[in-house]
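Pasting structure.pdb here (PDB, C-alpha atoms):
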```pdb
ATOM      1  CA  MET A  19      73.176  95.653  63.498
ATOM      2  CA  GLY A  20      76.541  95.302  61.716
ATOM      3  CA  SER A  21      76.570  99.007  60.964
ATOM      4  CA  LYS A  22      75.794  99.913  64.583
ATOM      5  CA  SER A  23      78.654  97.759  65.893
ATOM      6  CA  GLY A  24      80.989  99.320  63.323
ATOM      7  CA  VAL A  25      80.099 102.801  64.599
ATOM      8  CA  LEU A  26      80.610 101.690  68.202
ATOM      9  CA  THR A  27      83.977 100.242  67.258
ATOM     10  CA  LEU A  28      85.001 103.512  65.593
ATOM     11  CA  VAL A  29      83.867 105.501  68.642
ATOM     12  CA  ALA A  30      85.783 103.171  70.960
ATOM     13  CA  VAL A  31      88.919 103.468  68.809
ATOM     14  CA  ALA A  32      88.557 107.270  68.767
ATOM     15  CA  VAL A  33      88.190 107.392  72.559
ATOM     16  CA  VAL A  34      91.220 105.149  73.068
ATOM     17  CA  ALA A  35      93.242 107.293  70.637
ATOM     18  CA  ALA A  36      92.187 110.505  72.407
ATOM     19  CA  VAL A  37      93.160 109.073  75.798
ATOM     20  CA  ALA A  38      96.505 107.959  74.388
ATOM     21  CA  VAL A  39      97.194 111.423  72.956
ATOM     22  CA  VAL A  40      96.329 113.138  76.256
ATOM     23  CA  ALA A  41      98.433 110.664  78.219
ATOM     24  CA  GLY A  42     101.317 111.193  75.814
ATOM     25  CA  LEU A  43     101.093 114.962  76.185
ATOM     26  CA  VAL A  44     101.113 114.678  79.965
ATOM     27  CA  LEU A  45     104.146 112.399  79.842
ATOM     28  CA  ILE A  46     106.006 114.623  77.397
ATOM     29  CA  GLY A  47     105.067 118.026  78.734
ATOM     30  CA  GLY A  48     104.035 117.136  82.227
ATOM     31  CA  ASP A  49     101.201 118.894  83.933
ATOM     32  CA  ASP A  50     101.629 122.284  85.558
ATOM     33  CA  GLU A  51     101.562 120.910  89.096
ATOM     34  CA  SER A  52     104.223 118.232  88.578
ATOM     35  CA  SER A  53     106.341 120.717  86.635
ATOM     36  CA  ARG A  54     106.079 123.234  89.489
ATOM     37  CA  GLU A  55     106.884 120.560  92.084
ATOM     38  CA  SER A  56     109.853 119.357  90.061
ATOM     39  CA  TYR A  57     111.151 122.907  89.706
ATOM     40  CA  GLN A  58     110.654 123.573  93.409
ATOM     41  CA  SER A  59     112.731 120.470  94.169
ATOM     42  CA  ALA A  60     115.472 121.711  91.821
ATOM     43  CA  VAL A  61     115.540 125.151  93.478
ATOM     44  CA  VAL A  62     115.570 123.707  97.009
ATOM     45  CA  ASN A  63     118.361 121.330  96.017
ATOM     46  CA  ALA A  64     120.354 124.203  94.501
ATOM     47  CA  ARG A  65     119.840 126.348  97.602
ATOM     48  CA  ASP A  66     120.935 123.505  99.878
ATOM     49  CA  ARG A  67     124.052 122.780  97.814
ATOM     50  CA  VAL A  68     125.079 126.449  97.780
ATOM     51  CA  ASP A  69     124.409 126.805 101.498
ATOM     52  CA  PHE A  70     126.439 123.690 102.315
ATOM     53  CA  ALA A  71     129.394 124.766 100.168
ATOM     54  CA  TYR A  72     129.371 128.304 101.553
ATOM     55  CA  GLY A  73     128.929 127.090 105.138
ATOM     56  CA  ARG A  74     132.017 124.882 104.916
ATOM     57  CA  ILE A  75     134.143 128.005 104.423
ATOM     58  CA  ALA A  76     133.279 129.243 107.922
ATOM     59  CA  ARG A  77     134.561 125.988 109.461
ATOM     60  CA  SER A  78     138.066 126.338 108.006
ATOM     61  CA  GLU A  79     140.844 125.512 110.429
ATOM     62  CA  SER A  80     143.863 127.094 108.728
ATOM     63  CA  PRO A  81     144.652 129.589 105.976
ATOM     64  CA  ALA A  82     145.353 126.725 103.556
ATOM     65  CA  ASP A  83     142.062 125.052 104.533
ATOM     66  CA  LEU A  84     140.227 128.361 104.051
ATOM     67  CA  ILE A  85     141.626 128.796 100.550
ATOM     68  CA  GLN A  86     140.815 125.188  99.635
ATOM     69  CA  ARG A  87     137.250 125.455 100.946
ATOM     70  CA  ILE A  88     136.671 128.714  99.069
ATOM     71  CA  ASP A  89     137.956 127.069  95.913
ATOM     72  CA  ASP A  90     135.788 123.981  96.541
ATOM     73  CA  ALA A  91     132.747 126.216  97.076
ATOM     74  CA  ALA A  92     133.447 127.981  93.785
ATOM     75  CA  VAL A  93     133.371 124.649  91.948
ATOM     76  CA  ALA A  94     130.277 123.379  93.785
ATOM     77  CA  ILE A  95     128.313 126.589  93.203
ATOM     78  CA  GLY A  96     129.315 126.684  89.530
ATOM     79  CA  ASP A  97     128.133 123.078  89.127
ATOM     80  CA  THR A  98     124.898 123.975  90.913
ATOM     81  CA  ALA A  99     124.301 126.851  88.476
ATOM     82  CA  SER A 100     124.743 124.484  85.540
ATOM     83  CA  ASP A 101     122.382 121.915  87.031
ATOM     84  CA  LEU A 102     119.749 124.582  87.712
ATOM     85  CA  GLU A 103     120.108 125.876  84.166
ATOM     86  CA  ASP A 104     119.435 122.356  82.860
ATOM     87  CA  ALA A 105     116.408 121.831  85.122
ATOM     88  CA  GLY A 106     112.931 121.961  83.658
ATOM     89  CA  VAL A 107     111.616 125.441  84.367
ATOM     90  CA  PRO A 108     107.939 126.344  84.131
ATOM     91  CA  GLU A 109     107.452 129.443  81.993
ATOM     92  CA  GLU A 110     106.310 131.543  84.951
ATOM     93  CA  PHE A 111     109.718 131.115  86.650
ATOM     94  CA  GLU A 112     112.022 131.475  83.635
ATOM     95  CA  ASP A 113     113.140 135.051  84.403
ATOM     96  CA  GLU A 114     113.953 134.321  88.042
ATOM     97  CA  ASN A 115     115.702 131.083  87.097
ATOM     98  CA  GLU A 116     117.902 132.880  84.554
ATOM     99  CA  ARG A 117     118.768 135.533  87.154
ATOM    100  CA  LEU A 118     119.534 132.881  89.770
ATOM    101  CA  VAL A 119     121.753 130.924  87.378
ATOM    102  CA  ARG A 120     123.657 134.111  86.410
ATOM    103  CA  THR A 121     124.017 135.079  90.079
ATOM    104  CA  LEU A 122     125.319 131.658  91.082
ATOM    105  CA  ARG A 123     127.840 131.710  88.233
ATOM    106  CA  SER A 124     128.976 135.159  89.341
ATOM    107  CA  PHE A 125     129.174 133.927  92.948
ATOM    108  CA  SER A 126     131.314 131.012  91.770
ATOM    109  CA  ASP A 127     133.598 133.382  89.862
ATOM    110  CA  SER A 128     133.938 135.689  92.889
ATOM    111  CA  LEU A 129     134.830 132.789  95.141
ATOM    112  CA  ALA A 130     137.384 131.463  92.650
ATOM    113  CA  GLY A 131     138.906 134.934  92.363
ATOM    114  CA  THR A 132     139.072 135.268  96.130
ATOM    115  CA  ALA A 133     140.813 131.900  96.481
ATOM    116  CA  ALA A 134     143.281 132.883  93.762
ATOM    117  CA  GLN A 135     143.958 136.230  95.439
ATOM    118  CA  PHE A 136     144.547 134.531  98.787
ATOM    119  CA  THR A 137     147.207 132.325  97.193
ATOM    120  CA  ASP A 138     149.076 135.377  95.878
ATOM    121  CA  PRO A 139     152.283 135.609  97.955
ATOM    122  CA  SER A 140     151.879 139.372  98.382
ATOM    123  CA  PHE A 141     148.456 138.843  99.980
ATOM    124  CA  ALA A 142     149.120 135.626 101.901
ATOM    125  CA  GLY A 143     150.216 137.314 105.136
ATOM    126  CA  THR A 144     146.843 138.970 105.596
ATOM    127  CA  VAL A 145     144.767 135.799 105.267
ATOM    128  CA  THR A 146     145.240 134.921 108.944
ATOM    129  CA  GLY A 147     143.665 138.249 109.949
ATOM    130  CA  ILE A 148     140.432 137.719 108.020
ATOM    131  CA  THR A 149     137.434 137.416 110.332
ATOM    132  CA  SER A 150     134.632 137.476 107.773
ATOM    133  CA  LEU A 151     133.900 137.324 104.084
ATOM    134  CA  SER A 152     131.029 138.943 102.272
ATOM    135  CA  PHE A 153     129.888 138.513  98.694
ATOM    136  CA  PRO A 154     127.176 140.641  97.062
ATOM    137  CA  GLU A 155     126.038 137.601  95.058
ATOM    138  CA  TRP A 156     124.914 135.962  98.316
ATOM    139  CA  ASN A 157     122.536 138.885  98.880
ATOM    140  CA  THR A 158     121.336 138.825  95.273
ATOM    141  CA  ALA A 159     120.686 135.074  95.412
ATOM    142  CA  ASN A 160     118.593 135.566  98.554
ATOM    143  CA  LYS A 161     116.560 138.308  96.853
ATOM    144  CA  ILE A 162     115.830 135.972  93.947
ATOM    145  CA  LEU A 163     114.916 133.132  96.318
ATOM    146  CA  ALA A 164     112.545 135.520  98.128
ATOM    147  CA  GLN A 165     110.937 136.441  94.793
ATOM    148  CA  LEU A 166     110.489 132.760  93.942
ATOM    149  CA  GLU A 167     108.931 132.210  97.352
ATOM    150  CA  LYS A 168     106.441 135.024  96.693
ATOM    151  CA  GLN A 169     105.520 133.148  93.516
ATOM    152  CA  GLY A 170     104.816 129.949  95.450
ATOM    153  CA  ILE A 171     108.153 128.134  95.401
ATOM    154  CA  GLN A 172     108.780 127.060  98.990
ATOM    155  CA  VAL A 173     112.485 127.635  99.539
ATOM    156  CA  GLU A 174     114.487 128.968 102.471
ATOM    157  CA  GLN A 175     116.956 131.821 102.240
ATOM    158  CA  LEU A 176     120.691 131.101 102.288
ATOM    159  CA  ALA A 177     121.916 131.130 105.870
ATOM    160  CA  ARG A 178     124.579 133.415 107.291
ATOM    161  CA  HIS A 179     127.681 131.480 108.243
TER     162      HIS A 179
END
```
Spell out the structure here as structure tokens.
Amino acid sequence: MGSKSGVLTLVAVAVVAAVAVVAGLVLIGGDDESSRESYQSAVVNARDRVDFAYGRIARSESPADLIQRIDDAAVAIGDTASDLEDAGVPEEFEDENERLVRTLRSFSDSLAGTAAQFTDPSFAGTVTGITSLSFPEWNTANKILAQLEKQGIQVEQLARH
């Protein structure tokens, strides 16, 4: 009977070890569903941050406020790109994530350049006549968000402001 209990003990230890290894792998690597949900949250958060920053520009009340809000949006969107780059990305979304990060960085650069141009004294007189702004990166970001949505990431498009 001693030999039978020794075998049972070894089997029990092996089962406990196997469960611990599987649990450790899930904690380290996460499962596909939690990884997808986490990534979806990161994308939705990024979209919302970009939309908020861009939307503030439309509510500017003076040329100086417009320039400041464009500059603020450039910083916020650049920070958002960095945060999205650092987010855990499931392999199936890596290409779209890289494109979205590059697009948001480019959007940030375009906004910063626009704010800088508006502060140029030779351009300053025309700022009061601006009725709309358009950036191709906004369109590109929406195309990437649409592609992610086709792949199962539930995210809204950036709004027009």
* **Result set, the PyMOL selection byres ((chain A and resi 145-147) around 12) on current file, as a PyMOL selection string** => chain A and resi 78-85+132-144+148-151
* To do: Calculate how many Å separate atom CA of A:Ser128 from atom CA of A:Ile171, rounding to one decimal.
  =>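 The value is 27.0 Å.
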* To do: Any chance you could resolve the PyMOL selection byres ((chain A and resi 105) around 10) against this file and give the residues as a VMD selection string?
  => chain A and resid 56 to 57 59 to 61 99 to 104 106 to 108 115
* Can you turn the PyMOL selection byres ((chain A and resi 74) around 12) into a concrete residue list for this file, as JSON, numbers by chain? => {"A": [67, 68, 69, 70, 71, 72, 73, 75, 76, 77, 78, 79, 83, 84, 85, 86, 87, 88, 89, 90, 91, 92, 94, 177, 178, 179]}
* Asked: What is the distance between atom CA of A:Thr121 and atom CA of A:Glu155, in Å to one decimal?
  ->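 So the answer is 5.9 Å.
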* To do: Select, from A:Trp156, A:Glu116, A:Gly96, A:Asp127, the residue with the minimum atom-to-atom distance to A:Leu176, counting all atoms listed in the file.
  => A:Trp156
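You can rank A:Glu174, A:Glu110, A:Glu167, A:Glu51 by their closest distance to A:Ala64 using all atoms listed in the file, and at the top of that list sits A:Glu174.
Between atom CA of A:Leu166 and atom CA of A:Glu55 lies a distance of 12.9 Å.
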* Asked: For A:Arg117, which of A:Thr98, A:Thr158, A:Val93, A:Ala130 is the closest residue, counting only C-alpha atoms?
  ->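 So, comparing all the options, the nearest one is A:Thr158.
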* Neighbours of point (128.3, 129.1, 86.7) within 7 Å, using all atoms listed in the file, written as a PyMOL selection string -> chain A and resi 95-97+99-100+119-120+122-124+126
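Residue nearest A:Leu129, chosen from A:Asp113, A:Lys161, A:Gln172, A:Pro154 and counting all atoms listed in the file: A:Pro154.
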* To do: Identify which of the residues A:Asn160, A:Gln169, A:Ser152, A:Ser53 lies closest to A:Arg65, counting only C-alpha atoms when measuring atom-to-atom distances.
  => A:Asn160
